[in-house]
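Taking it in order: structure first as C-alpha coordinates, then the write-up.
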Amino acid sequence: MKKILFGAMLWILAMVVPMSAMADVDVHVSIPLPPPFLFSVPPPAVVIPGTYVYGFPDVQADIFFYNGWWWRPWEGRWYRSKNYNSGWAHYPRVPSFYGRVPQHWRHDYHAHHWKGHPWDYQPIPHDRIQNNWKRWEKNKHWERQNNWGVRDMKFQPPSPRVHAERFSPRHSREEIRAKHASSRQVEPSREGKAKSHEKHVKGNKHPQGDKHEGRHDRGEQQRSDRR
(Lines give C-alpha, C1' and ligand atoms only; values in the text may rest on other atoms or scores of the structure.)
Protein backbone atom coordinates (compact mmCIF):
# COMPACT_ATOMS: atom_id res chain seq x y z
CA MET A 1 0.00 0.00 0.00
CA LYS A 2 2.83 2.37 0.89
CA LYS A 3 4.51 1.61 -2.45
CA ILE A 4 1.30 2.54 -4.30
CA LEU A 5 0.96 5.84 -2.43
CA PHE A 6 4.63 6.68 -3.01
CA GLY A 7 4.32 5.94 -6.72
CA ALA A 8 1.21 8.10 -6.98
CA MET A 9 3.01 11.02 -5.32
CA LEU A 10 5.95 10.70 -7.71
CA TRP A 11 3.57 10.70 -10.67
CA ILE A 12 1.80 13.84 -9.41
CA LEU A 13 5.13 15.62 -8.90
CA ALA A 14 6.26 14.64 -12.38
CA MET A 15 3.12 16.25 -13.83
CA VAL A 16 3.12 19.44 -11.74
CA VAL A 17 6.83 20.41 -11.86
CA PRO A 18 7.18 20.65 -15.66
CA MET A 19 3.98 22.75 -15.90
CA SER A 20 5.21 25.20 -13.28
CA ALA A 21 8.58 25.38 -14.98
CA MET A 22 6.92 26.17 -18.31
CA ALA A 23 4.83 28.89 -16.67
CA ASP A 24 8.01 30.64 -15.54
CA VAL A 25 9.46 30.76 -19.06
CA ASP A 26 9.04 34.21 -20.67
CA VAL A 27 8.99 33.91 -24.45
CA HIS A 28 10.07 36.98 -26.46
CA VAL A 29 9.94 37.22 -30.25
CA SER A 30 12.30 40.03 -31.22
CA ILE A 31 12.87 41.45 -34.68
CA PRO A 32 16.58 41.92 -35.43
CA LEU A 33 17.76 45.45 -36.10
CA PRO A 34 19.98 46.35 -39.04
CA PRO A 35 23.65 47.02 -38.39
CA PRO A 36 24.80 50.65 -38.27
CA PHE A 37 26.46 52.23 -41.27
CA LEU A 38 30.22 52.52 -41.21
CA PHE A 39 30.38 56.14 -42.42
CA SER A 40 30.45 58.97 -39.90
CA VAL A 41 28.68 61.39 -42.24
CA PRO A 42 26.43 60.32 -45.13
CA PRO A 43 27.66 61.25 -48.60
CA PRO A 44 25.65 63.74 -50.66
CA ALA A 45 22.21 62.66 -51.84
CA VAL A 46 20.12 63.29 -54.95
CA VAL A 47 16.40 63.91 -55.13
CA ILE A 48 14.55 61.22 -57.09
CA PRO A 49 12.91 63.02 -60.03
CA GLY A 50 9.16 63.46 -59.70
CA THR A 51 9.26 62.93 -55.91
CA TYR A 52 10.60 64.42 -52.70
CA VAL A 53 12.48 61.24 -51.87
CA TYR A 54 16.23 61.59 -51.43
CA GLY A 55 18.50 58.68 -52.32
CA PHE A 56 22.18 58.06 -51.67
CA PRO A 57 23.59 56.49 -54.83
CA ASP A 58 27.17 56.23 -53.54
CA VAL A 59 26.13 54.06 -50.58
CA GLN A 60 26.05 50.34 -51.34
CA ALA A 61 23.04 49.67 -49.11
CA ASP A 62 19.70 51.22 -49.97
CA ILE A 63 18.99 54.21 -47.78
CA PHE A 64 16.52 57.02 -48.37
CA PHE A 65 15.41 60.20 -46.66
CA TYR A 66 11.73 61.15 -46.87
CA ASN A 67 9.34 63.22 -44.78
CA GLY A 68 11.84 63.73 -41.96
CA TRP A 69 12.73 60.02 -41.64
CA TRP A 70 15.64 57.88 -42.75
CA TRP A 71 14.48 54.65 -44.39
CA ARG A 72 16.25 51.41 -45.25
CA PRO A 73 15.28 47.84 -46.21
CA TRP A 74 17.21 45.01 -44.62
CA GLU A 75 16.69 41.24 -44.81
CA GLY A 76 13.18 41.55 -46.22
CA ARG A 77 11.99 44.16 -43.70
CA TRP A 78 11.80 47.94 -43.63
CA TYR A 79 13.23 50.15 -40.91
CA ARG A 80 13.14 53.88 -40.23
CA SER A 81 14.84 56.29 -37.84
CA LYS A 82 15.24 59.98 -37.14
CA ASN A 83 19.00 59.44 -37.21
CA TYR A 84 20.86 57.85 -40.09
CA ASN A 85 23.13 55.75 -37.87
CA SER A 86 21.07 54.81 -34.80
CA GLY A 87 17.56 54.43 -33.45
CA TRP A 88 16.33 52.13 -36.22
CA ALA A 89 12.89 50.63 -35.62
CA HIS A 90 10.99 48.04 -37.62
CA TYR A 91 8.37 49.46 -39.97
CA PRO A 92 5.55 46.91 -40.50
CA ARG A 93 4.97 47.52 -44.22
CA VAL A 94 6.61 48.84 -47.37
CA PRO A 95 6.55 52.66 -47.21
CA SER A 96 4.28 54.23 -49.79
CA PHE A 97 6.94 56.50 -51.28
CA TYR A 98 8.94 53.46 -52.40
CA GLY A 99 6.39 52.75 -55.13
CA ARG A 100 7.60 55.84 -57.00
CA VAL A 101 11.29 54.95 -56.80
CA PRO A 102 12.31 53.04 -59.96
CA GLN A 103 14.24 49.87 -59.38
CA HIS A 104 17.17 50.94 -61.57
CA TRP A 105 17.40 54.55 -60.49
CA ARG A 106 21.13 54.15 -59.71
CA HIS A 107 21.77 53.19 -63.33
CA ASP A 108 20.05 56.40 -64.47
CA TYR A 109 22.13 58.33 -61.96
CA HIS A 110 25.43 57.05 -63.36
CA ALA A 111 24.22 57.54 -66.95
CA HIS A 112 23.02 61.10 -66.25
CA HIS A 113 19.73 60.22 -67.91
CA TRP A 114 16.21 59.91 -66.51
CA LYS A 115 13.76 57.97 -68.67
CA GLY A 116 15.55 59.04 -71.84
CA HIS A 117 16.05 62.68 -70.85
CA PRO A 118 19.31 64.32 -69.75
CA TRP A 119 19.47 64.44 -65.96
CA ASP A 120 21.56 67.26 -64.51
CA TYR A 121 21.20 66.28 -60.87
CA GLN A 122 22.61 68.29 -57.98
CA PRO A 123 24.40 66.54 -55.10
CA ILE A 124 22.83 67.71 -51.83
CA PRO A 125 24.55 67.50 -48.42
CA HIS A 126 22.45 65.55 -45.92
CA ASP A 127 22.37 68.40 -43.36
CA ARG A 128 20.90 70.71 -45.99
CA ILE A 129 18.15 68.20 -46.68
CA GLN A 130 17.30 67.83 -43.00
CA ASN A 131 17.05 71.60 -42.57
CA ASN A 132 15.00 72.30 -45.69
CA TRP A 133 12.99 69.22 -46.73
CA LYS A 134 9.67 70.46 -45.38
CA ARG A 135 9.97 73.94 -46.86
CA TRP A 136 11.10 72.55 -50.21
CA GLU A 137 8.11 70.26 -50.43
CA LYS A 138 5.67 72.96 -49.36
CA ASN A 139 7.01 75.47 -51.91
CA LYS A 140 7.46 72.87 -54.67
CA HIS A 141 11.12 73.71 -54.80
CA TRP A 142 12.32 71.09 -57.26
CA GLU A 143 9.53 71.71 -59.78
CA ARG A 144 10.04 75.45 -59.86
CA GLN A 145 13.81 75.54 -59.76
CA ASN A 146 14.89 73.21 -62.55
CA ASN A 147 12.32 70.43 -62.99
CA TRP A 148 14.39 68.06 -60.82
CA GLY A 149 17.29 68.67 -63.21
CA VAL A 150 15.62 66.63 -65.97
CA ARG A 151 15.46 68.44 -69.28
CA ASP A 152 12.35 68.57 -71.46
CA MET A 153 10.29 66.17 -69.36
CA LYS A 154 6.80 66.73 -68.02
CA PHE A 155 6.13 65.12 -64.68
CA GLN A 156 2.74 63.96 -63.44
CA PRO A 157 1.60 65.42 -60.10
CA PRO A 158 2.74 63.24 -57.18
CA SER A 159 0.24 60.55 -56.25
CA PRO A 160 -1.62 61.04 -52.92
CA ARG A 161 -0.09 57.72 -51.81
CA VAL A 162 3.32 59.39 -51.70
CA HIS A 163 2.13 61.50 -48.78
CA ALA A 164 0.50 58.66 -46.92
CA GLU A 165 3.31 58.46 -44.37
CA ARG A 166 2.29 61.75 -42.80
CA PHE A 167 -0.75 60.22 -41.15
CA SER A 168 -1.53 56.76 -39.92
CA PRO A 169 -4.36 54.98 -41.82
CA ARG A 170 -6.56 55.18 -38.72
CA HIS A 171 -6.06 58.93 -38.41
CA SER A 172 -6.91 59.41 -42.08
CA ARG A 173 -10.16 57.42 -41.76
CA GLU A 174 -11.20 59.46 -38.72
CA GLU A 175 -10.61 62.70 -40.59
CA ILE A 176 -12.69 61.48 -43.53
CA ARG A 177 -15.56 60.41 -41.27
CA ALA A 178 -15.51 63.75 -39.44
CA LYS A 179 -15.55 65.59 -42.75
CA HIS A 180 -18.59 63.64 -43.98
CA ALA A 181 -20.38 64.11 -40.66
CA SER A 182 -19.86 67.87 -40.70
CA SER A 183 -21.11 68.10 -44.29
CA ARG A 184 -24.30 66.28 -43.30
CA GLN A 185 -24.93 68.70 -40.42
CA VAL A 186 -24.28 71.83 -42.47
CA GLU A 187 -26.62 70.90 -45.35
CA PRO A 188 -29.90 69.21 -44.35
CA SER A 189 -31.55 66.78 -46.72
CA ARG A 190 -34.27 67.71 -49.19
CA GLU A 191 -36.77 65.70 -47.21
CA GLY A 192 -35.93 67.64 -44.08
CA LYS A 193 -36.33 70.94 -45.92
CA ALA A 194 -39.71 69.84 -47.31
CA LYS A 195 -40.98 68.80 -43.88
CA SER A 196 -39.79 72.06 -42.36
CA HIS A 197 -41.55 74.07 -45.06
CA GLU A 198 -44.76 72.05 -44.66
CA LYS A 199 -44.73 72.59 -40.91
CA HIS A 200 -44.25 76.32 -41.39
CA VAL A 201 -47.17 76.55 -43.82
CA LYS A 202 -49.47 74.58 -41.53
CA GLY A 203 -48.49 76.75 -38.59
CA ASN A 204 -49.51 79.87 -40.49
CA LYS A 205 -52.88 78.38 -41.57
CA HIS A 206 -54.03 77.25 -38.14
CA PRO A 207 -55.14 80.66 -36.83
CA GLN A 208 -57.23 81.33 -39.96
CA GLY A 209 -58.74 77.87 -39.82
CA ASP A 210 -59.76 78.34 -36.19
CA LYS A 211 -61.32 81.70 -37.04
CA HIS A 212 -63.46 80.30 -39.86
CA GLU A 213 -64.39 77.32 -37.78
CA GLY A 214 -65.62 79.62 -35.01
CA ARG A 215 -67.84 81.58 -37.40
CA HIS A 216 -69.37 78.41 -38.73
CA ASP A 217 -70.19 77.16 -35.23
CA ARG A 218 -71.83 80.49 -34.25
CA GLY A 219 -74.04 80.41 -37.41
CA GLU A 220 -75.25 76.91 -36.58
CA GLN A 221 -76.08 77.96 -33.02
CA GLN A 222 -78.11 81.03 -34.17
CA ARG A 223 -80.16 78.92 -36.59
CA SER A 224 -80.95 76.41 -33.85
CA ASP A 225 -82.11 79.19 -31.50
CA ARG A 226 -84.48 80.56 -34.09
CA ARG A 227 -86.06 77.18 -34.48
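Identifiers in the C-alpha coordinates: chain A, B, ... in order shown; residue index from 1 per chain; ligand index from 1 in order shown.
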> Near region 119-131 of chain A, within 8 Å and counting only C-alpha atoms, which residues show up once chain neighbours fewer than 4 positions away are dropped, as a list of chain:residue names?
Replying inline: A:Pro42, A:Pro43, A:Pro44, A:Ala45, A:Val46, A:Val47, A:Gly68, A:Tyr109, A:His112, A:His113, A:Trp114, A:Trp148, A:Gly149, A:Val150, A:Arg151
> Where in region 75-163 of chain A does DSSP assign strand (DSSP E), given as an MDAnalysis selection string?
Replying inline: chainID A and resid 77:81 89:91 113:114 117:118
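For the residues A:Phe97, A:Trp88, A:Trp69, A:Trp74, ranking by smallest atom-to-atom distance to Gly50 (chain A) using only C-alpha atoms places A:Phe97 first.
Interatomic distance, CA of Pro49 (chain A) to CA of Asn67 (chain A): 15.7 Å.
Rounded to one decimal, CA of Arg144 (chain A) and CA of Ala111 (chain A) lie 23.9 Å from each other.
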